[in-house]
file entry_19.cif (mmCIF, C-alpha atoms)
data_entry
#
loop_
_atom_site.label_atom_id
_atom_site.label_comp_id
_atom_site.auth_asym_id
_atom_site.auth_seq_id
_atom_site.Cartn_x
_atom_site.Cartn_y
_atom_site.Cartn_z
CA MET A 1 27.73 4.36 11.19
CA ALA A 2 29.21 1.96 8.71
CA GLU A 3 26.28 -0.31 8.05
CA GLU A 4 26.88 -2.42 5.02
CA PHE A 5 23.77 -3.45 3.21
CA ASP A 6 23.68 -6.25 0.74
CA VAL A 7 20.73 -6.82 -1.55
CA GLU A 8 20.32 -9.99 -3.54
CA PHE A 9 17.39 -10.99 -5.73
CA ILE A 10 15.92 -14.46 -5.52
CA GLU A 11 13.05 -13.87 -7.91
CA ARG A 12 12.68 -10.79 -9.97
CA GLY A 13 9.77 -9.67 -12.08
CA ASP A 14 8.20 -6.37 -12.97
CA ARG A 15 5.27 -6.69 -10.58
CA SER A 16 6.52 -9.28 -8.15
CA ALA A 17 9.91 -9.95 -6.62
CA ARG A 18 11.63 -11.70 -3.76
CA PHE A 19 14.89 -10.27 -2.49
CA LEU A 20 17.20 -10.58 0.46
CA VAL A 21 18.53 -7.62 2.40
CA ARG A 22 21.35 -8.14 4.87
CA GLY A 23 22.29 -5.72 7.63
CA LEU A 24 18.79 -4.40 8.33
CA THR A 25 17.33 -3.73 11.77
CA PRO A 26 13.85 -5.15 12.41
CA ALA A 27 12.52 -1.60 12.94
CA PHE A 28 13.77 -0.53 9.56
CA ALA A 29 12.51 -3.63 7.77
CA ASN A 30 9.08 -3.02 9.20
CA GLY A 31 9.25 0.67 8.38
CA ILE A 32 9.91 -0.09 4.74
CA ARG A 33 7.17 -2.71 4.63
CA ARG A 34 4.63 -0.33 6.13
CA ALA A 35 5.73 2.51 3.88
CA MET A 36 5.28 0.29 0.80
CA ILE A 37 1.73 -0.55 1.83
CA ALA A 38 0.43 2.74 3.18
CA ASP A 39 2.69 5.60 2.15
CA VAL A 40 3.62 5.21 -1.50
CA PRO A 41 0.70 6.87 -3.33
CA THR A 42 -1.11 5.62 -6.42
CA LEU A 43 -3.74 7.03 -8.73
CA SER A 44 -7.22 5.71 -8.23
CA ILE A 45 -10.66 6.81 -9.41
CA ASP A 46 -12.21 9.03 -6.77
CA THR A 47 -15.12 10.87 -8.39
CA VAL A 48 -17.40 9.52 -11.11
CA ARG A 49 -19.87 11.58 -13.12
CA PHE A 50 -22.47 9.25 -14.60
CA ILE A 51 -23.91 10.47 -17.87
CA GLU A 52 -25.86 7.31 -18.50
CA ASN A 53 -26.17 4.13 -16.50
CA THR A 54 -28.90 1.81 -17.65
CA SER A 55 -27.07 -1.24 -16.36
CA VAL A 56 -28.49 -3.45 -13.63
CA MET A 57 -26.29 -1.93 -10.94
CA PHE A 58 -26.49 1.30 -8.97
CA ASP A 59 -24.07 4.11 -9.78
CA GLU A 60 -22.49 3.76 -6.35
CA MET A 61 -21.73 0.08 -6.86
CA ILE A 62 -20.09 0.72 -10.21
CA ALA A 63 -18.15 3.64 -8.71
CA LEU A 64 -16.80 1.35 -6.01
CA ARG A 65 -15.63 -1.15 -8.63
CA LEU A 66 -13.99 1.64 -10.61
CA GLY A 67 -12.04 2.78 -7.57
CA LEU A 68 -10.45 -0.64 -7.30
CA ILE A 69 -9.05 -0.68 -10.84
CA PRO A 70 -5.27 -0.14 -10.67
CA LEU A 71 -3.99 2.69 -12.86
CA THR A 72 -0.41 3.08 -14.00
CA THR A 73 1.08 5.90 -11.97
CA PRO A 74 4.10 7.91 -13.14
CA LEU A 75 5.04 9.29 -9.71
CA ASP A 76 7.48 11.84 -11.12
CA ASP A 77 4.68 13.64 -12.95
CA PHE A 78 2.14 13.96 -10.16
CA GLU A 79 1.83 15.41 -6.68
CA VAL A 80 -0.54 14.00 -4.08
CA GLY A 81 -4.00 15.47 -4.73
CA GLU A 82 -3.55 15.96 -8.47
CA THR A 83 -6.14 14.42 -10.76
CA VAL A 84 -6.43 12.78 -14.15
CA THR A 85 -9.66 12.61 -16.12
CA LEU A 86 -10.84 9.29 -17.54
CA ALA A 87 -13.92 8.32 -19.52
CA LEU A 88 -15.82 5.25 -20.64
CA ASP A 89 -18.70 4.62 -23.02
CA VAL A 90 -19.89 1.05 -23.64
CA GLU A 91 -23.21 -0.03 -25.06
CA GLY A 92 -24.65 -3.52 -24.66
CA PRO A 93 -24.66 -6.30 -25.50
CA ALA A 94 -21.06 -6.24 -24.27
CA THR A 95 -19.01 -6.36 -21.12
CA ALA A 96 -17.39 -3.12 -20.04
CA TYR A 97 -13.75 -3.87 -19.23
CA SER A 98 -11.12 -1.72 -17.59
CA GLY A 99 -9.41 -1.65 -20.99
CA ASP A 100 -12.35 0.34 -22.38
CA ILE A 101 -11.46 3.28 -20.15
CA GLN A 102 -10.02 6.20 -22.08
CA SER A 103 -7.48 8.42 -20.38
CA SER A 104 -6.63 12.08 -20.93
CA VAL A 105 -3.00 11.37 -20.01
CA PRO A 106 -1.24 8.70 -22.10
CA GLU A 107 1.01 7.63 -19.19
CA VAL A 108 -2.01 6.91 -17.01
CA GLN A 109 -3.82 3.78 -18.18
CA PRO A 110 -5.54 0.85 -16.51
CA ALA A 111 -2.74 -1.46 -15.35
CA ASP A 112 -4.73 -4.45 -16.57
CA GLU A 113 -7.09 -4.38 -19.53
CA ASN A 114 -9.15 -7.38 -18.57
CA VAL A 115 -10.83 -6.32 -15.35
CA PRO A 116 -14.59 -6.68 -15.93
CA ILE A 117 -16.62 -3.70 -14.72
CA ILE A 118 -20.10 -4.90 -15.61
CA GLU A 119 -21.89 -7.03 -18.16
CA LEU A 120 -24.36 -5.05 -20.27
CA LYS A 121 -27.35 -6.62 -22.02
CA GLN A 122 -29.03 -5.40 -25.19
CA GLY A 123 -30.12 -1.77 -24.78
CA GLN A 124 -28.10 -1.13 -21.63
CA ARG A 125 -25.43 1.49 -21.68
CA LEU A 126 -22.75 2.80 -19.34
CA GLU A 127 -21.20 6.18 -19.92
CA PHE A 128 -19.26 8.20 -17.41
CA GLU A 129 -16.42 10.58 -16.85
CA ALA A 130 -14.20 10.04 -13.83
CA ASP A 131 -11.41 11.76 -11.96
CA ALA A 132 -8.53 9.71 -10.61
CA VAL A 133 -6.61 11.29 -7.75
CA LEU A 134 -3.15 10.56 -6.39
CA ASP A 135 -3.25 9.61 -2.73
CA SER A 136 -1.72 7.12 -0.29
CA GLY A 137 -2.97 3.82 1.08
CA LYS A 138 -3.40 5.50 4.44
CA THR A 139 -6.46 7.39 3.19
CA HIS A 140 -8.10 4.51 1.33
CA ALA A 141 -7.06 0.94 0.55
CA LYS A 142 -7.71 1.53 -3.15
CA HIS A 143 -4.57 3.70 -3.18
CA GLN A 144 -2.31 0.88 -1.99
CA GLY A 145 0.45 0.24 -4.50
CA GLY A 146 1.88 -2.77 -2.70
CA VAL A 147 -0.72 -5.49 -2.40
CA ALA A 148 1.27 -8.40 -1.00
CA VAL A 149 4.25 -7.08 0.88
CA GLY A 150 5.96 -8.95 3.66
CA TYR A 151 9.22 -10.30 4.91
CA ARG A 152 10.65 -13.29 6.68
CA HIS A 153 13.96 -14.01 8.28
CA LEU A 154 16.48 -15.76 6.12
CA GLN A 155 16.96 -19.25 7.50
CA ARG A 156 20.30 -20.99 7.51
CA VAL A 157 20.16 -24.74 7.18
CA GLU A 158 23.06 -26.80 8.50
CA VAL A 159 23.55 -30.50 8.18
CA VAL A 160 24.55 -31.75 11.61
CA GLY A 161 24.59 -35.49 10.98
CA ASP A 162 22.77 -38.47 9.58
CA ALA A 163 19.25 -39.40 10.51
CA GLY A 164 18.80 -42.72 12.27
CA GLU A 165 19.16 -45.43 9.67
CA PHE A 166 15.97 -47.35 10.41
CA GLU A 167 13.87 -44.40 11.48
CA GLU A 168 10.92 -43.37 9.36
CA GLN A 169 11.74 -39.78 8.44
CA GLU A 170 9.00 -37.29 9.24
CA PRO A 171 8.49 -34.38 6.85
CA ASN A 172 10.27 -31.24 7.98
CA ILE A 173 8.12 -28.43 6.64
CA LEU A 174 9.55 -24.96 6.17
CA ARG A 175 8.54 -21.81 4.34
CA GLY A 176 10.52 -18.91 3.01
CA VAL A 177 14.06 -18.88 1.74
CA ILE A 178 16.94 -20.91 3.08
CA GLU A 179 20.66 -20.36 2.90
CA THR A 180 22.61 -23.55 2.42
CA GLU A 181 26.07 -24.24 3.80
CA ASP A 182 27.60 -23.22 0.44
CA GLY A 183 25.84 -19.85 0.69
CA GLU A 184 23.27 -20.70 -1.94
CA LEU A 185 19.83 -19.10 -1.58
CA VAL A 186 16.98 -21.50 -2.26
CA ASN A 187 13.28 -20.79 -2.11
CA ALA A 188 11.67 -23.50 0.00
CA ASP A 189 8.96 -24.22 -2.59
CA GLU A 190 11.67 -25.54 -4.90
CA PHE A 191 11.90 -28.64 -2.72
CA GLY A 192 8.24 -28.83 -1.81
CA ASN A 193 8.77 -26.88 1.44
CA ASP A 194 10.11 -30.10 2.93
CA LEU A 195 13.71 -30.20 4.11
CA THR A 196 13.77 -34.00 4.00
CA GLN A 197 13.30 -33.71 0.23
CA ARG A 198 16.46 -31.68 -0.10
CA TYR A 199 18.48 -33.41 2.58
CA PRO A 200 17.24 -37.02 2.56
CA GLY A 201 18.59 -39.08 5.42
CA LYS A 202 20.23 -36.10 7.08
CA GLU A 203 19.73 -34.45 10.41
CA VAL A 204 19.51 -30.69 9.89
CA GLU A 205 19.32 -27.61 12.06
CA VAL A 206 17.59 -24.40 11.04
CA HIS A 207 18.52 -20.99 12.44
CA ASP A 208 17.29 -17.51 11.62
CA VAL A 209 20.05 -15.31 10.25
CA PRO A 210 20.12 -12.06 12.28
CA GLY A 211 19.55 -8.90 10.27
CA ALA A 212 18.81 -10.79 7.06
CA PHE A 213 15.30 -10.23 5.74
CA VAL A 214 13.74 -11.82 2.70
CA PHE A 215 11.16 -9.43 1.30
CA HIS A 216 8.38 -10.53 -0.95
CA VAL A 217 6.92 -7.57 -2.78
CA GLU A 218 4.01 -7.58 -5.17
CA THR A 219 2.50 -4.45 -6.70
CA ASP A 220 -0.95 -3.95 -8.16
CA GLY A 221 0.58 -2.84 -11.46
CA SER A 222 0.58 0.88 -10.70
CA PHE A 223 4.37 0.79 -10.93
CA SER A 224 7.23 -1.68 -10.81
CA VAL A 225 8.58 -3.35 -7.69
CA ASP A 226 11.75 -1.26 -7.95
CA GLU A 227 9.75 1.94 -7.99
CA LEU A 228 7.73 0.85 -4.98
CA VAL A 229 10.76 -0.14 -2.90
CA LEU A 230 12.76 2.96 -3.75
CA ARG A 231 9.80 5.25 -3.09
CA ALA A 232 9.17 3.59 0.27
CA ILE A 233 12.79 4.16 1.26
CA GLU A 234 12.53 7.74 -0.01
CA SER A 235 9.41 8.36 2.06
CA LEU A 236 11.25 7.38 5.26
CA ASP A 237 14.16 9.54 4.18
CA LEU A 238 11.95 12.56 3.58
CA ARG A 239 10.37 12.27 7.00
CA ALA A 240 13.76 11.95 8.69
CA ALA A 241 14.96 14.98 6.77
CA GLU A 242 11.92 16.99 7.82
CA LEU A 243 12.32 16.02 11.46
CA GLU A 244 16.02 16.80 11.45
CA GLU A 245 15.41 20.21 9.98
CA LYS A 246 12.63 21.05 12.42
CA VAL A 247 14.57 19.90 15.46
CA ARG A 248 17.70 21.85 14.56
CA VAL A 249 16.02 25.27 14.61
CA MET B 1 4.77 16.52 10.44
CA GLU B 2 4.17 18.98 13.22
CA LEU B 3 6.16 19.01 16.42
CA ARG B 4 4.90 20.12 19.82
CA VAL B 5 7.25 19.96 22.78
CA ILE B 6 5.31 18.98 25.88
CA GLU B 7 8.14 18.78 28.36
CA LYS B 8 11.81 19.59 28.02
CA THR B 9 14.67 19.56 30.49
CA ASP B 10 18.42 19.17 29.94
CA GLU B 11 18.14 15.40 29.81
CA GLU B 12 14.51 14.69 29.11
CA LEU B 13 12.10 15.38 26.29
CA ARG B 14 8.48 14.64 25.61
CA MET B 15 7.29 15.72 22.21
CA GLU B 16 4.24 15.14 20.06
CA ILE B 17 4.95 14.33 16.42
CA ALA B 18 1.67 14.96 14.66
CA GLY B 19 0.77 13.06 11.51
CA GLU B 20 3.13 10.14 12.03
CA ASP B 21 2.39 6.52 12.91
CA HIS B 22 4.30 3.32 13.73
CA THR B 23 5.94 3.37 10.30
CA PHE B 24 8.23 6.24 11.14
CA MET B 25 8.07 6.32 14.95
CA ASN B 26 9.44 2.80 15.36
CA VAL B 27 12.27 3.52 12.95
CA LEU B 28 13.01 6.72 14.85
CA LYS B 29 12.93 4.97 18.21
CA GLY B 30 15.26 2.28 16.87
CA ALA B 31 17.68 4.91 15.61
CA LEU B 32 17.55 6.85 18.89
CA LEU B 33 18.43 3.75 20.88
CA GLU B 34 21.49 3.30 18.69
CA THR B 35 22.55 6.91 19.21
CA GLU B 36 25.29 7.66 21.68
CA GLY B 37 24.22 9.56 24.79
CA VAL B 38 20.64 8.27 24.69
CA ALA B 39 19.65 6.44 27.86
CA ALA B 40 16.06 5.67 26.92
CA ALA B 41 13.73 6.31 24.03
CA THR B 42 10.19 5.25 23.38
CA TYR B 43 6.97 6.43 21.82
CA ASP B 44 3.32 6.08 22.69
CA MET B 45 0.66 6.05 20.00
CA ASN B 46 -2.28 6.30 22.39
CA PRO B 47 -1.05 7.83 25.64
CA GLU B 48 -3.05 6.56 28.60
CA GLN B 49 -5.94 5.61 26.33
CA SER B 50 -6.69 9.31 26.21
CA GLY B 51 -9.72 10.21 24.21
CA GLY B 52 -8.83 12.19 21.14
CA GLN B 53 -5.06 11.96 21.44
CA VAL B 54 -4.07 10.05 18.34
CA ASP B 55 -0.71 11.53 17.48
CA PRO B 56 2.34 9.74 18.81
CA ILE B 57 4.34 11.12 21.71
CA LEU B 58 8.07 10.59 21.65
CA SER B 59 9.94 10.37 24.94
CA VAL B 60 13.72 10.62 25.08
CA LYS B 61 16.05 10.48 28.07
CA THR B 62 19.71 11.24 27.61
CA GLU B 63 22.89 10.96 29.65
CA GLY B 64 26.35 12.51 29.63
CA GLY B 65 25.22 16.04 28.82
CA MET B 66 23.60 15.21 25.50
CA ASP B 67 20.70 17.53 24.68
CA PRO B 68 17.67 15.39 23.84
CA LEU B 69 16.76 17.55 20.84
CA ASP B 70 20.27 17.06 19.49
CA ALA B 71 19.82 13.34 20.02
CA VAL B 72 16.66 13.42 17.89
CA ALA B 73 18.53 15.34 15.21
CA ALA B 74 21.39 12.84 15.35
CA ALA B 75 18.97 9.93 15.08
CA SER B 76 17.26 11.55 12.08
CA SER B 77 20.53 11.99 10.31
CA ARG B 78 21.33 8.38 11.16
CA ILE B 79 18.09 7.30 9.47
CA ARG B 80 19.03 9.37 6.44
CA ASP B 81 22.41 7.62 6.22
CA THR B 82 20.66 4.28 6.40
CA THR B 83 18.12 5.14 3.72
CA ALA B 84 20.89 6.42 1.44
CA ASP B 85 22.94 3.24 1.94
CA LEU B 86 19.92 1.06 1.42
CA ARG B 87 18.93 2.89 -1.74
CA ASP B 88 22.43 2.44 -3.14
CA ALA B 89 22.52 -1.23 -2.19
CA TYR B 90 19.13 -1.85 -3.82
CA SER B 91 20.01 0.08 -6.95
CA ALA B 92 23.26 -1.87 -7.24
CA ALA B 93 21.37 -5.15 -7.11
CA ILE B 94 18.92 -4.27 -9.89
CA MET C 1 -42.42 15.27 -13.07
CA SER C 2 -41.94 12.91 -16.01
CA TYR C 3 -43.10 9.33 -15.88
CA LYS C 4 -43.60 6.54 -18.33
CA CYS C 5 -46.78 4.52 -18.61
CA SER C 6 -46.02 0.87 -17.97
CA ARG C 7 -48.67 -0.32 -20.50
CA CYS C 8 -48.44 2.02 -23.50
CA LYS C 9 -44.82 3.11 -22.81
CA ARG C 10 -45.62 6.74 -23.56
CA ASP C 11 -44.15 9.65 -21.63
CA VAL C 12 -46.61 11.09 -19.14
CA GLU C 13 -46.59 14.44 -17.39
CA LEU C 14 -48.45 14.46 -14.09
CA ASP C 15 -50.14 17.52 -12.66
CA GLU C 16 -51.83 17.96 -9.30
CA TYR C 17 -55.40 17.63 -10.68
CA GLY C 18 -55.33 14.55 -12.87
CA GLY C 19 -54.36 11.98 -10.23
CA VAL C 20 -52.10 9.05 -11.00
CA ARG C 21 -53.38 7.87 -14.37
CA CYS C 22 -52.07 7.75 -17.94
CA PRO C 23 -54.04 10.29 -20.02
CA TYR C 24 -53.59 8.19 -23.17
CA CYS C 25 -54.68 4.72 -22.10
CA GLY C 26 -55.99 5.19 -18.58
CA HIS C 27 -53.50 2.81 -17.01
CA ARG C 28 -52.74 3.51 -13.36
CA VAL C 29 -49.20 2.12 -13.18
CA LEU C 30 -46.58 4.73 -14.06
CA LEU C 31 -42.82 4.29 -13.89
CA LYS C 32 -40.49 7.07 -12.84
CA GLU C 33 -37.67 7.57 -15.32
CA ARG C 34 -34.08 8.24 -14.34
CA SER C 35 -33.26 11.93 -14.55
CA ARG C 36 -31.12 12.97 -17.51
CA ASP C 37 -28.88 15.02 -15.23
CA ILE C 38 -25.29 13.99 -14.77
CA LYS C 39 -24.94 12.40 -11.36
CA GLU C 40 -21.69 12.76 -9.48
CA VAL C 41 -20.68 9.94 -7.16
CA LYS C 42 -17.77 9.94 -4.71
CA VAL C 43 -15.95 6.63 -4.47
CA GLU C 44 -15.71 5.63 -0.83
#

call {"tool": "encode", "arguments": {"input": "entry_19.cif", "output": "structure tokens"}}
result
Amino acid sequence: MAEEFDVEFIERGDRSARFLVRGLTPAFANGIRRAMIADVPTLSIDTVRFIENTSVMFDEMIALRLGLIPLTTPLDDFEVGETVTLALDVEGPATAYSGDIQSSVPEVQPADENVPIIELKQGQRLEFEADAVLDSGKTHAKHQGGVAVGYRHLQRVEVVGDAGEFEEQEPNILRGVIETEDGELVNADEFGNDLTQRYPGKEVEVHDVPGAFVFHVETDGSFSVDELVLRAIESLDLRAAELEEKVRV
Amino acid sequence: MELRVIEKTDEELRMEIAGEDHTFMNVLKGALLETEGVAAATYDMNPEQSGGQVDPILSVKTEGGMDPLDAVAAASSRIRDTTADLRDAYSAAI
Amino acid sequence: MSYKCSRCKRDVELDEYGGVRCPYCGHRVLLKERSRDIKEVKVE
């Protein structure tokens, strides 16, 4: 099978990116998307031992908030099920932030330092020790590494003629990424999602490009977009390898 | 991933693939349909609304003397080629 | 069982004979203090 893939970035950041993949089947595109959401594991707080909690909230409510704090996850160093110990000790008057959490492993830190956990008044104190465990989004949504992952077809826009000279042009709203006739990739929000802004006075036709998917991937900060995408592909690969091996015997 | 063959003849296979969901099954089905010698391939996540059966069941029908288990193996290796190509293409674009 | 008197704020030990009453000031409203044990919570 000589499938030629072509990957091109439209936007590229550490935590968020938009890229085009050509030559993909819809099944595969969806497989990667689902793997990014549910199968690439992240570390997340799973058990909390409260030493002191004189805040206004129950232990269980604080524990739930702690579970939702993204932690940087070096996937090469951990297996699913392995844990990291974290601790926090904040005395009021102050707000306990995710950045106050101390970690026993330097590579594992809160991905953001400004997530408020709880506001503490004078005399209130929060002290706990917690275990973060590596697991996948399938077991609990707090382990999802990809938080906004989706794809759309690439849309090819062709100018087919001029719009009627005296006609009032209606807005032609479109989302996603378009491919112009010169092969340029343009995000629709660059022209206000309105094709009449980019092609004033023109009659245009829009067609989906077969096999061309524009992915938008955003991570929660546990790891970079590249890590997430490559791990998702790897997870499909590992399952195919396992099936192949089991079927051959 | 645990496999349990439910039914197997020279040209037909029904097999439970425990622990998998749409993520992998749909990719596998897609690859099987592209494999030579496969007449039909599908999977069912909730066969006949059966209570308790939650693992997907893969059904493959082949033609031209292709063994259905070989077809599954061929499809798996096809997926592996695709993932390898895709990984290379992505890495090249970084 | 350790409680705290809501009026005089002193620690109070209750036994089965004395009834619910602070032995220091006679107040009948006692507050139960949180245990000093470490409490383990599973995040779910």

call {"tool": "closest_residue", "arguments": {"input": "entry_19.cif", "among": "B:Leu86, B:Ala40, B:Ala31, B:Ile17", "to": "B:Pro68", "atoms": "all atoms listed in the file"}}
result
B:Ala40

call {"tool": "resolve_selection", "arguments": {"input": "entry_19.cif", "expression": "the PyMOL selection byres ((chain C) within 10 of (chain A))", "output": "PyMOL selection string"}}
result
chain C and resi 34-44

call {"tool": "closest_atom_pairs", "arguments": {"input": "entry_19.cif", "of": "chain A", "to": "chain B", "cutoff": "9 Å", "atoms": "only C-alpha atoms", "output": "Markdown table"}}
result
| residue | atom | partner | partner_atom | distance |
| --- | --- | --- | --- | --- |
| A:Met1 | CA | B:Arg78 | CA | 7.6 |
| A:Glu3 | CA | B:Thr82 | CA | 7.4 |
| A:Glu4 | CA | B:Asp85 | CA | 7.6 |
| A:Phe5 | CA | B:Ala89 | CA | 6.0 |
| A:Asp6 | CA | B:Ala89 | CA | 5.9 |
| A:Val7 | CA | B:Tyr90 | CA | 5.7 |
| A:Glu8 | CA | B:Ala93 | CA | 6.1 |
| A:Phe9 | CA | B:Ala93 | CA | 7.2 |
| A:Val21 | CA | B:Tyr90 | CA | 8.5 |
| A:Leu24 | CA | B:Leu86 | CA | 8.9 |
| A:Thr25 | CA | B:Gly30 | CA | 8.1 |
| A:Pro26 | CA | B:Gly30 | CA | 8.8 |
| A:Ala27 | CA | B:Val27 | CA | 5.1 |
| A:Phe28 | CA | B:Val27 | CA | 5.5 |
| A:Ala29 | CA | B:Val27 | CA | 8.8 |
| A:Asn30 | CA | B:Thr23 | CA | 7.2 |
| A:Gly31 | CA | B:Thr23 | CA | 4.7 |
| A:Ile32 | CA | B:Thr23 | CA | 7.7 |
| A:Arg33 | CA | B:Thr23 | CA | 8.4 |
| A:Arg34 | CA | B:Thr23 | CA | 5.7 |
| A:Ala35 | CA | B:Thr23 | CA | 6.5 |
| A:Asp226 | CA | B:Ile94 | CA | 8.0 |
| A:Val229 | CA | B:Tyr90 | CA | 8.6 |
| A:Leu230 | CA | B:Arg87 | CA | 6.5 |
| A:Ile233 | CA | B:Thr83 | CA | 6.0 |
| A:Glu234 | CA | B:Thr83 | CA | 7.2 |
| A:Leu236 | CA | B:Phe24 | CA | 6.7 |
| A:Asp237 | CA | B:Arg80 | CA | 5.4 |
| A:Leu238 | CA | B:Arg80 | CA | 8.3 |
| A:Arg239 | CA | B:Phe24 | CA | 7.6 |
| A:Ala240 | CA | B:Ser76 | CA | 4.9 |
| A:Ala241 | CA | B:Ser76 | CA | 6.7 |
| A:Glu242 | CA | B:Met1 | CA | 7.6 |
| A:Leu243 | CA | B:Ser76 | CA | 6.7 |
| A:Glu244 | CA | B:Ala73 | CA | 4.8 |
| A:Glu245 | CA | B:Ala73 | CA | 7.8 |
| A:Lys246 | CA | B:Leu3 | CA | 7.9 |
| A:Val247 | CA | B:Ala73 | CA | 6.0 |
| A:Arg248 | CA | B:Ala73 | CA | 6.6 |

call {"tool": "residues_around", "arguments": {"input": "entry_19.cif", "residues": "stretch 101-113 of chain A", "least_positions_apart": "5", "cutoff": "9 Å", "atoms": "all atoms listed in the file", "output": "JSON, numbers by chain"}}
result
{"A": [43, 69, 70, 71, 72, 73, 74, 84, 85, 86, 87, 88, 89, 96, 220, 221, 222, 223]}

call {"tool": "write_last_selection", "arguments": {"input": "entry_19.cif", "atoms": "C-alpha atoms", "output": "compact mmCIF listing (two decimals), keeping the file's coordinate frame"}}
result
# COMPACT_ATOMS: atom_id res chain seq x y z
CA LEU A 43 -3.74 7.03 -8.73
CA ILE A 69 -9.05 -0.68 -10.84
CA PRO A 70 -5.27 -0.14 -10.67
CA LEU A 71 -3.99 2.69 -12.86
CA THR A 72 -0.41 3.08 -14.00
CA THR A 73 1.08 5.90 -11.97
CA PRO A 74 4.10 7.91 -13.14
CA VAL A 84 -6.43 12.78 -14.15
CA THR A 85 -9.66 12.61 -16.12
CA LEU A 86 -10.84 9.29 -17.54
CA ALA A 87 -13.92 8.32 -19.52
CA LEU A 88 -15.82 5.25 -20.64
CA ASP A 89 -18.70 4.62 -23.02
CA ALA A 96 -17.39 -3.12 -20.04
CA ASP A 220 -0.95 -3.95 -8.16
CA GLY A 221 0.58 -2.84 -11.46
CA SER A 222 0.58 0.88 -10.70
CA PHE A 223 4.37 0.79 -10.93

call {"tool": "resolve_selection", "arguments": {"input": "entry_19.cif", "expression": "the PyMOL selection byres ((chain A and resi 198) around 12)", "output": "ChimeraX atom specification"}}
result
/A:157-159,171-174,178,180,186-197,199-204

call {"tool": "atom_distance", "arguments": {"input": "entry_19.cif", "atom1": "atom CA of A:Ser136", "atom2": "atom CA of A:Val217"}}
result
17.2 Å

call {"tool": "resolve_selection", "arguments": {"input": "entry_19.cif", "expression": "the PyMOL selection byres ((chain C and resi 24) around 9)", "output": "list in words"}}
result
Cys5, Cys8, Arg10, Val12, Arg21, Cys22, Pro23, Cys25, Gly26 and His27 of chain C

call {"tool": "write_last_selection", "arguments": {"input": "entry_19.cif", "atoms": "C-alpha atoms", "output": "PDB file, in the frame of the given file"}}
result
ATOM      1  CA  CYS C   5     -46.780   4.520 -18.610  1.00  0.00           C
ATOM      2  CA  CYS C   8     -48.440   2.020 -23.500  1.00  0.00           C
ATOM      3  CA  ARG C  10     -45.620   6.740 -23.560  1.00  0.00           C
ATOM      4  CA  VAL C  12     -46.610  11.090 -19.140  1.00  0.00           C
ATOM      5  CA  ARG C  21     -53.380   7.870 -14.370  1.00  0.00           C
ATOM      6  CA  CYS C  22     -52.070   7.750 -17.940  1.00  0.00           C
ATOM      7  CA  PRO C  23     -54.040  10.290 -20.020  1.00  0.00           C
ATOM      8  CA  CYS C  25     -54.680   4.720 -22.100  1.00  0.00           C
ATOM      9  CA  GLY C  26     -55.990   5.190 -18.580  1.00  0.00           C
ATOM     10  CA  HIS C  27     -53.500   2.810 -17.010  1.00  0.00           C
TER      11      HIS C  27
END

call {"tool": "residues_around", "arguments": {"input": "entry_19.cif", "residues": "C:Asp11", "least_positions_apart": "5", "cutoff": "10 Å", "atoms": "all atoms listed in the file", "output": "list in words"}}
result
Ser2, Tyr3, Lys4, Cys5, Ser6, Cys22, Tyr24, Leu30, Leu31, Lys32 and Glu33 of chain C

call {"tool": "atom_distance", "arguments": {"input": "entry_19.cif", "atom1": "atom CA of A:Arg231", "atom2": "atom CA of A:Met36"}}
result
7.8 Å

call {"tool": "residues_around", "arguments": {"input": "entry_19.cif", "residues": "B:Asp10", "least_positions_apart": "2", "cutoff": "8 Å", "atoms": "all atoms listed in the file", "output": "list of chain:residue names"}}
result
B:Lys8, B:Glu12, B:Gly65, B:Met66, B:Asp67, B:Pro68

call {"tool": "atom_distance", "arguments": {"input": "entry_19.cif", "atom1": "atom CA of A:Pro93", "atom2": "atom CA of A:Gln122"}}
result
4.5 Å

call {"tool": "build_atoms", "arguments": {"input": "entry_19.cif", "residues": "stretch 124-131 of chain A", "atoms": "N, CA and C atoms", "output": "compact mmCIF listing (two decimals), in the coordinates of the input"}}
result
# COMPACT_ATOMS: atom_id res chain seq x y z
N GLN A 124 -28.68 -1.76 -22.83
CA GLN A 124 -28.10 -1.13 -21.63
C GLN A 124 -26.84 -0.38 -22.03
N ARG A 125 -26.58 0.68 -21.31
CA ARG A 125 -25.43 1.49 -21.68
C ARG A 125 -24.81 2.08 -20.42
N LEU A 126 -23.48 2.18 -20.46
CA LEU A 126 -22.75 2.80 -19.34
C LEU A 126 -21.85 3.87 -19.93
N GLU A 127 -22.05 5.08 -19.47
CA GLU A 127 -21.20 6.18 -19.92
C GLU A 127 -20.89 7.07 -18.73
N PHE A 128 -19.63 7.31 -18.53
CA PHE A 128 -19.26 8.20 -17.41
C PHE A 128 -17.94 8.88 -17.68
N GLU A 129 -17.69 9.89 -16.86
CA GLU A 129 -16.42 10.58 -16.85
C GLU A 129 -15.94 10.46 -15.40
N ALA A 130 -14.66 10.24 -15.21
CA ALA A 130 -14.20 10.04 -13.83
C ALA A 130 -12.90 10.78 -13.59
N ASP A 131 -12.67 11.15 -12.33
CA ASP A 131 -11.41 11.76 -11.96
C ASP A 131 -10.64 10.79 -11.07
